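Colleague: The structure under discussion is supplied below as C-alpha cells; questions concerning it will follow.
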Amino acid sequence: MNRIFWLLGLSLIAISCSTSSRTNNSSPTDISDVTLDPSLMVEERQLDTLYVTAPPIESSENSEAEPEFEFTNDTYNESSERKNDLLHTKLDLRFDWQKEAVIGKAELTLKPLFYPSSKLVLDAKGFDLKEINVLDGKGNPLGFRYEYDEEQIFFDFEKEFSRNDTFVLQIDYIAHPSETGGSAAITSDKGLFFINPEGKDPAKPQQIWTQGETEWNSRWFPTIDKPNERCTQEMLLTVNQKYVTLSNGLLISSDVNSDGTRTDYWKMDQPHAPYLFMIAIGEFAVVEDTWKDIPLSYYVEPEFEEDAPYIFPHTPEMLSFFSEKLGIKYPWKKYAQIVVRDYVSGAMENTTAVIFGDFMQKRKEELIDYLYNEKVVAHELFHHWFGDYVTCESWANLTMNESFANYSEYLWLEYKYGKDEADAHILSEWEGYISSATYGGHPLIHFGYSIKEDMFDAHSYNKGGSILHMLRQFVGDEAFWASLQLYLKENAYQAVEAHDLRLAFEKVTGMDLNWFWNQWYFDKGHPILNLDYNYQDENGMASLTVKQVQKPGDMRPVFIIPSSVQILFEDGTSENRPIRVSQREETFVFDLEKKPVLMTFDPERTLLCEVEADNTPVNAFVYQYSPSSSLLSRLDALQALRQAEHPELRNIASKALKDPYWAIRGLAMSLIEDPNPIEMELIRKMAAKDPHSSNRASAFEKLIEQGDKVAESAAMTVIQEDSSEVVISSALYYLRTLDSVRVLKYADQLKDSESPFILNTVAEMYVLSGDLEYLSFFEDRLENEEMVGFVAVNFYDLYQSLLLKANMSTLENGIQGLNSIALDPNQPALRKAAATIALFRMKEDIKSNLTELQDGVAAKKEAILEQLKKKLKNIKDQETDDTLLSIYLNISVE
C-alpha cells in the first residue's frame, strides 16, 4: 500500500472515532455486534450515521497557516518498452580519417514484438541521412514517412505490421561521432574514436575503435540502442591494406579491392545487445591461440608481440575454469582481446572481442607477480556469460552484469593463487565501496539514478561482487554454482532483472530468499556494528551483543545477518556457534565448559560491514594470529598489536616471517626493526628464494638497512637468474653497499638490458661513481624506444647530474642535445618533457652553487646559466601541446 494513502487512512479512522464519540451518546459496539465470516475474515459493524462538518475559519491574524505538502513520485528509470524486435543488423562501413567520419550503409531487419505496429523509432545520433528505403519481408518497397531530430529517426509506415511480419530498413548515412559528455567510468560518450587520424603524432599509432556502453554505438550506426534489445550481426569493414580489423564474431572473408583497399567481412550469428557491437582498426600484431575448438587471438602493438600471452595471461585456463564451474561451456565461437590507445574506459566486454586500454600493454618482465592484468582479463571474460549471454534489462539493473564480473576476480584468484590472495582482493573491494558510500548510498538496483552512467560505481561493482560472495557463503558452494547454471540456462540470450537471479536460487535451494534480496539488492547501505563480548567465570556463560548503529534513513536500520561466533580456548581448540542477527540490538549467550581466550564474530570475514566498536582486549589478538586463520584475522591481529605497541608483537611478527601469504611475510619483515640472527637468516632466504618478487626486493632493502654483508652470493645469483627487474635492481643496490667499485662490473653486465627500470638502476650506479666515461652510456640511449614516459624523466635527470661534472665543452654539447630533443616535434611528448625538466634542473643546480665557485669558473657557469634560461624560454614559447604546456607552468626560466 502506498505510504501516503496508508497514513491518510489512519487519519480518517481517528477522525471517525473521535467524531462519533462527540456527536452520539450510544454506547460502544458490543462484541456481539461483530460477526466473522471464516472465509472472508471481514469485520462488520453497524454504525450510526456520521455527520462531518468543517470547523469555522478563524480570522485571527495570529493563527498559523496549515503547512503545505507537495506529493511527488520518486524518480523511476524504467526498462525501455520494446515495441519492435530488432532481428539482424548488417553494416557496410568505410572511414574518412581526415574528417573523422563513418560512411555507412545499414540494413536492419525487424518485426513488431507483439502488438501490431506501423511505427518505429531508431537511435541515430548526429547523422547525415543520405537515402532510406523500407522493404517488406518479400523485398517489396513500402511507402513511409520519417522525421529526424539529430538523435532519433521516427518512422511512420503506410502498412501496419503484425508480429508475424518482418520488414527491412536500408539506410545510407554519414556519421560524425561527437562528444557531449562522459563519466568517471567512461570518460567520453563519443561512441567511435579516431586516434591520431592524420598521423601527426609519431609516438602514437593511427587507430579506430568503438565504445558502445551505455547507449553510444548509435553515434556510428542506426539501431535500437537499449540493453534489452539483441540481434545478430554482419560487419563489412573497408580499410587501407596496412590495417588489421577486428569485430564481433568470425572473420568470414578478406578481399582486396580494385582501389587498393581491403574489405573484411565479420559475421556474428548469435544475438547480442547493440551496445556490445564493436570494431577496431589499426596496425596490430595478432598472436593466435586456441582453447578446445575456440580460436583465441591477442591484438597488441607490434613491439609487444612476444609479450601478448603475458598481457592477456592464462586466457585458456580461465576459459576452462569458468566453463567447468558454471557447467556451461563458453557460449561464443571465438574470443579476441585487443589493446588500443587513449581508451576512454578500463576495458569493455564486447561480445567475442574485448577492448582494453593501453595500461595493459607491458613487457612480460613488468608483469611478474602483477595480478592486475589477470583480474581485468577474468572480469571481461566472465562478462561473456554475465552481461553478453545474459544481459541486464536496464541500466538500473547494471549490477546483474557487473557484480558477476567483479566477483570473477575473486573466484579466479582463489582458484589460481589461494584464498588468501582472493581475500586480500575483496578487502580492497570493500574499502572501495565503503569509501564511496560515505558520499551517499543508493540501492544496488537503483531505479532513481540521475544519468545512466552514474550506475558505473562502487555499488554496482564492488558491493555487487561482495553480495555474491555473501550469498555463496550462505547457500554453500554446490548450491551457488548450481543456481548460477540454472540462471544462465533459463535466461540464455535474454535480458534479466534481479528477481530472475533470486528465482533461480530459490528453485535450487528451496529457500525463500526475498529477505536477502530486499536488504542487499533493493535497499541501501550495509551494517555498521558495535560488538560487545563478555564472559562470566562464575557460571561459564559467554555472550556477544551485536548492535547495529547505521543511521536509519541513510541506510537500512536492521539487516538480517546469518553468521557465527568462533570461540577459541587457550589449549588451541575452538568451537563455532551459528547465530542469526535480526534485531537492532541482540545478545547471544553461550554455555561453555572452559574459559575462552578469544571470541570472533564472522570469523571467515565474509560479511560486508563496518565494525565501529569492538571490545576485544588487545591481549586476545596474540591468540588471533594463526597461519590457519583467515587472512583478514591475521592482518587484524598484527595491526592491533602494532597499534598497541604490544610486547608480543615481536614474537608474532617473527612467526609471521613464515606466513603462507606473501603480503603478511612482507609486513612482518617491516615490523621487525632489529632482526636477531635467526630472523636475519630468514630474511636472507627471502631475498634469494621468496616466491613473491616484492618480498625478494624488500628483503634486499632490509639487508641494506641492517648493514648485512653476507648475502653477496645470493645477490649475484639474482642478477644472473632472477626474472624480476625490481629484484635485480634491489640486488644491485645491495652489492653497491659491499663494494662501490666492484658493483660497476655487475652494472656493466646489465647495461644492454631492454628494461627501462634496470637501465635506470645501472644509470644510478654510474652517476654515483662520478666517472664521466659513462656519459656515453646515457647519450647512446636518450632516444631509445624504451626511454619514454616517466622512466625517461628519471633517466634524463641522472644524465644531467653527471653532465654537470663535465668540462665546459662537454657540458655545452650535452645541453644542446637536450635542447634539440625538447624542441623536436617528432619526439614523444614525455621525452620532450624529460629533456626540458633536465635543462631546468641544471639551471637550478648551477644557480644555487654559483657563489661557491671560483671567479673564473663562476663566470663560465654564469654564461651557461644564461644560455639555459634562454633555451627554456624558447622551449616554452614554441610548445603547442596542452599537456606539455601544463607541465611547463611549473618551470621557471629565471
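Letters A, B, ... mark the chains of the C-alpha cells in the order given; residue numbers begin at 1 per chain; ligand numbers begin at 1, in order shown.
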Per DSSP on the backbone, what are the alpha helix (DSSP H) residues of segment 201-342 of chain A, as a list in words?

Modeller: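 These are the residues in question: Ala308, Pro309, Tyr310, Ile311, Thr315, Pro316, Glu317, Met318, Leu319, Ser320, Phe321, Phe322, Ser323, Glu324, Lys325 and Leu326 of chain A.
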
Colleague: Within 8 Å of Gln548 of chain A, counting only C-alpha atoms, which residues show up once you throw out same-chain ones fewer than 3 positions away? Write them as a ChimeraX atom specification, please.

Modeller: /A:527-530,557-558,583-585

Colleague: Those same residues - N, CA, C and O atoms - I'd like them written as a PDB file, in the first residue's frame.

Modeller:
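Heads up, here's the output in out.pdb:
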ATOM      1  N   PRO A 527      25.537  -3.029   7.225  1.00  0.00           N
ATOM      2  CA  PRO A 527      25.551  -2.949   8.682  1.00  0.00           C
ATOM      3  C   PRO A 527      26.792  -2.205   9.201  1.00  0.00           C
ATOM      4  O   PRO A 527      27.907  -2.395   8.696  1.00  0.00           O
ATOM      5  N   ILE A 528      26.570  -1.359  10.189  1.00  0.00           N
ATOM      6  CA  ILE A 528      27.652  -0.766  10.973  1.00  0.00           C
ATOM      7  C   ILE A 528      27.442  -1.266  12.394  1.00  0.00           C
ATOM      8  O   ILE A 528      26.384  -1.051  12.986  1.00  0.00           O
ATOM      9  N   LEU A 529      28.441  -1.951  12.932  1.00  0.00           N
ATOM     10  CA  LEU A 529      28.229  -2.756  14.127  1.00  0.00           C
ATOM     11  C   LEU A 529      29.076  -2.305  15.312  1.00  0.00           C
ATOM     12  O   LEU A 529      30.229  -1.868  15.147  1.00  0.00           O
ATOM     13  N   ASN A 530      28.485  -2.456  16.494  1.00  0.00           N
ATOM     14  CA  ASN A 530      29.211  -2.441  17.756  1.00  0.00           C
ATOM     15  C   ASN A 530      29.167  -3.855  18.311  1.00  0.00           C
ATOM     16  O   ASN A 530      28.080  -4.443  18.435  1.00  0.00           O
ATOM     17  N   PRO A 557      17.810   0.209   8.599  1.00  0.00           N
ATOM     18  CA  PRO A 557      18.096   0.220  10.036  1.00  0.00           C
ATOM     19  C   PRO A 557      18.462  -1.138  10.612  1.00  0.00           C
ATOM     20  O   PRO A 557      19.243  -1.222  11.555  1.00  0.00           O
ATOM     21  N   VAL A 558      17.901  -2.218  10.048  1.00  0.00           N
ATOM     22  CA  VAL A 558      18.192  -3.555  10.569  1.00  0.00           C
ATOM     23  C   VAL A 558      18.446  -4.505   9.403  1.00  0.00           C
ATOM     24  O   VAL A 558      17.604  -4.659   8.518  1.00  0.00           O
ATOM     25  N   GLN A 583      17.826  -8.234  14.871  1.00  0.00           N
ATOM     26  CA  GLN A 583      17.307  -7.080  15.586  1.00  0.00           C
ATOM     27  C   GLN A 583      18.342  -5.976  15.609  1.00  0.00           C
ATOM     28  O   GLN A 583      19.541  -6.199  15.368  1.00  0.00           O
ATOM     29  N   ARG A 584      17.893  -4.779  15.941  1.00  0.00           N
ATOM     30  CA  ARG A 584      18.795  -3.626  16.020  1.00  0.00           C
ATOM     31  C   ARG A 584      19.875  -3.867  17.075  1.00  0.00           C
ATOM     32  O   ARG A 584      21.033  -3.523  16.886  1.00  0.00           O
ATOM     33  N   GLU A 585      19.477  -4.484  18.200  1.00  0.00           N
ATOM     34  CA  GLU A 585      20.427  -4.877  19.236  1.00  0.00           C
ATOM     35  C   GLU A 585      20.033  -6.248  19.732  1.00  0.00           C
ATOM     36  O   GLU A 585      18.869  -6.490  20.064  1.00  0.00           O
TER      37      GLU A 585
END

Colleague: Taking into account only C-alpha atoms, which residue in the set A:Arg219, A:Lys416, A:Lys90, A:Lys83 is nearest to Arg163 of chain A?

Modeller: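 Looking only at the distances to Arg163 of chain A, the closest residue turns out to be A:Lys83.
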
Colleague: Hey, which of A:Val727, A:Val377, A:Ala347, A:Leu531 ends up closest to Leu319 of chain A? Count only C-alpha atoms.

Modeller: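 That would be A:Val377, the residue with the smallest distance to Leu319 of chain A.
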
Colleague: Between atom CA of Gln624 of chain A and atom CA of Arg650 of chain A, measure the distance and give it in Å to one decimal.

Modeller: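 Interatomic distance here is 14.8 Å.
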
Colleague: Please measure the separation of atom CA of Gln827 of chain A and atom CA of Ile758 of chain A, giving the value in Å to one decimal.

Modeller: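 Computed distance, atom CA of Gln827 of chain A to atom CA of Ile758 of chain A, equals 22.8 Å.
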
Colleague: How many Å separate atom CA of Ser258 of chain A from atom CA of Gln241 of chain A?

Modeller: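 Atom-to-atom, atom CA of Ser258 of chain A and atom CA of Gln241 of chain A are spaced 11.7 Å apart.
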
Colleague: Using only C-alpha atoms, can you tell me which of A:Gly327, A:Pro756, A:Pro596, A:Arg94 comes closest to Tyr173 of chain A?

Modeller: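 Closest residue, counting only C-alpha atoms: A:Arg94.
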
Colleague: Can you tell me which residues surround Gly666 of chain A at a distance of at most 10 Å, considering only C-alpha atoms, apart from same-chain residues fewer than 6 positions away, and format the answer as a PyMOL selection string?

Modeller: chain A and resi 656-659+683+686+692+694-696+698-699

Colleague: Next, the residues of the selection above should be written as a short mmCIF file (atom, residue, chain, number, x, y, z; two decimals), in the first residue's frame with N, CA, C and O atoms.

Modeller:
data_model
loop_
_atom_site.label_atom_id
_atom_site.label_comp_id
_atom_site.auth_asym_id
_atom_site.auth_seq_id
_atom_site.Cartn_x
_atom_site.Cartn_y
_atom_site.Cartn_z
N ALA A 656 55.40 -14.70 11.79
CA ALA A 656 54.76 -14.32 10.53
C ALA A 656 55.75 -14.24 9.37
O ALA A 656 55.32 -14.16 8.21
N LEU A 657 57.06 -14.28 9.65
CA LEU A 657 58.03 -14.33 8.55
C LEU A 657 57.87 -15.60 7.72
O LEU A 657 58.32 -15.67 6.58
N LYS A 658 57.19 -16.60 8.32
CA LYS A 658 56.93 -17.86 7.60
C LYS A 658 55.46 -18.00 7.22
O LYS A 658 55.02 -19.09 6.86
N ASP A 659 54.72 -16.91 7.26
CA ASP A 659 53.29 -16.96 6.93
C ASP A 659 53.09 -17.47 5.50
O ASP A 659 53.92 -17.20 4.62
N ILE A 683 65.48 -13.65 6.50
CA ILE A 683 65.38 -12.54 5.55
C ILE A 683 66.31 -12.77 4.37
O ILE A 683 65.97 -12.48 3.22
N MET A 686 64.63 -15.11 2.17
CA MET A 686 63.57 -14.42 1.44
C MET A 686 64.15 -13.67 0.25
O MET A 686 63.57 -13.66 -0.84
N HIS A 692 57.52 -14.58 -3.97
CA HIS A 692 56.99 -13.33 -4.50
C HIS A 692 58.11 -12.31 -4.69
O HIS A 692 58.90 -12.04 -3.79
N SER A 694 58.11 -9.12 -4.86
CA SER A 694 58.06 -7.95 -3.97
C SER A 694 58.82 -8.23 -2.68
O SER A 694 59.54 -7.37 -2.18
N ASN A 695 58.67 -9.44 -2.15
CA ASN A 695 59.38 -9.79 -0.92
C ASN A 695 60.86 -9.96 -1.16
O ASN A 695 61.68 -9.62 -0.29
N ARG A 696 61.25 -10.51 -2.30
CA ARG A 696 62.68 -10.66 -2.59
C ARG A 696 63.34 -9.27 -2.63
O ARG A 696 64.41 -9.05 -2.06
N SER A 698 62.18 -6.45 -1.26
CA SER A 698 62.12 -5.83 0.06
C SER A 698 63.16 -6.44 1.00
O SER A 698 63.70 -5.75 1.88
N ALA A 699 63.42 -7.74 0.85
CA ALA A 699 64.41 -8.39 1.70
C ALA A 699 65.80 -7.81 1.45
O ALA A 699 66.57 -7.58 2.40
#

Colleague: Residues near Glu198 of chain A, anyone? I mean within 12 Å using only C-alpha atoms, not counting same-chain ones fewer than 5 positions away, as a ChimeraX atom specification.

Modeller: /A:96-100,204-208
